[in-house]
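Single-structure report; data block below.
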Amino acid sequence: MGGFSSNTIMENQERVILIATEDMKIGSVNNIAAALVHESVHLWVLDYQVGIDPDSEELLCYTLELEFLKKVPNVEPFLLTHAQSQLNKYKNKITHK
């Protein structure tokens, strides 16, 4: 029910991606796909214990999300804009640490 999609590992170690109600309400399959890509990267980092700080992890997630979106035919421009703005945000945070 939160405002953003996330992920979790269940007690049985099953990996689960949670799609936020707000993401569902947008009514865009491409948005759901982008959220799945983004959250899958978080689970990959968790599984492989990559050991990067949270800002670098978000940078990685948004980088791969944007790469994915650029390959989607007729993708909604707002998805590209959002991913790019988040990418810029995390690049800036890392640069100014």
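Within each chain, counting starts at residue 1; across the structure tokens, chains are named A, B, ... in the order shown, with ligands numbered 1 upward in that order.
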Note to self: I'd like the neighbourhood of range 49-61 of chain A as a ChimeraX atom specification, where a residue qualifies if any of its atoms comes within 9 Å (using only C-alpha atoms), though same-chain residues fewer than 5 positions away should be ignored.
What the structure shows: /A:37-42,44,66,86-91,93-94
Output C-alpha atoms for every residue in the selection just made, as an mmCIF file, in the first residue's frame.
data_model
loop_
_atom_site.group_PDB
_atom_site.id
_atom_site.type_symbol
_atom_site.label_atom_id
_atom_site.label_comp_id
_atom_site.auth_asym_id
_atom_site.auth_seq_id
_atom_site.Cartn_x
_atom_site.Cartn_y
_atom_site.Cartn_z
ATOM 1 C CA VAL A 37 13.641 -4.400 -13.361
ATOM 2 C CA HIS A 38 14.555 -1.882 -10.656
ATOM 3 C CA GLU A 39 13.546 -4.112 -7.742
ATOM 4 C CA SER A 40 15.201 -7.160 -9.332
ATOM 5 C CA VAL A 41 18.508 -5.314 -9.235
ATOM 6 C CA HIS A 42 18.011 -4.643 -5.510
ATOM 7 C CA TRP A 44 20.497 -9.214 -7.017
ATOM 8 C CA LEU A 66 16.763 3.488 -17.778
ATOM 9 C CA GLN A 86 16.525 9.819 -10.306
ATOM 10 C CA LEU A 87 19.756 8.792 -11.989
ATOM 11 C CA ASN A 88 20.954 12.409 -11.900
ATOM 12 C CA LYS A 89 19.896 12.733 -8.256
ATOM 13 C CA TYR A 90 21.946 9.738 -7.152
ATOM 14 C CA LYS A 91 24.935 10.676 -9.328
ATOM 15 C CA LYS A 93 24.586 12.586 -4.138
ATOM 16 C CA ILE A 94 27.550 10.289 -4.757
#
Margin query: Please report the interatomic distance between CA of Glu65 in chain A and CA of Gly2 in chain A in Å with one decimal.
Written below: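 Distance between the two atoms: 20.2 Å.
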Margin query: Just list as a PyMOL selection string whatever in chain A DSSP marks as alpha helix (DSSP H).
Written below: chain A and resi 21-25+29-48+54-70+77-95
Note to self: Which residues are near Gly3 in chain A? Cut-off 12 Å, only C-alpha atoms, ignore same chain within fewer than 3 positions. Put them as a list in words.
What the structure shows: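 Near Gly3 in chain A, the qualifying residues are Ser6, Leu18, Ile19, Ala20, Thr21, Glu22, Asp23, Met24, Lys25 and Ile26 of chain A.
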Keeping only C-alpha atoms, write the selected residues as a short mmCIF file (atom, residue, chain, number, x, y, z; two decimals), in the first residue's frame.
data_model
loop_
_atom_site.label_atom_id
_atom_site.label_comp_id
_atom_site.auth_asym_id
_atom_site.auth_seq_id
_atom_site.Cartn_x
_atom_site.Cartn_y
_atom_site.Cartn_z
CA SER A 6 9.98 -2.43 -2.99
CA LEU A 18 6.03 -5.65 -4.04
CA ILE A 19 4.41 -3.34 -6.58
CA ALA A 20 2.99 -0.23 -4.92
CA THR A 21 -0.66 0.67 -5.28
CA GLU A 22 0.43 4.04 -6.69
CA ASP A 23 2.40 2.27 -9.43
CA MET A 24 -0.60 0.11 -10.26
CA LYS A 25 -2.94 3.11 -10.44
CA ILE A 26 -0.81 4.70 -13.16
#
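When only C-alpha atoms are used to measure the gap to Val75 in chain A, the shortest distance among A:Tyr48, A:Ser28, A:Thr95, A:Leu43 belongs to A:Ser28.
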Next item on the list: Considering only C-alpha atoms, state which residue in the set A:Asn31, A:Asn92, A:Asn7, A:Ser85 is at the smallest distance from Leu69 in chain A.
Entry: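 Smallest distance to Leu69 in chain A is found for A:Asn31.
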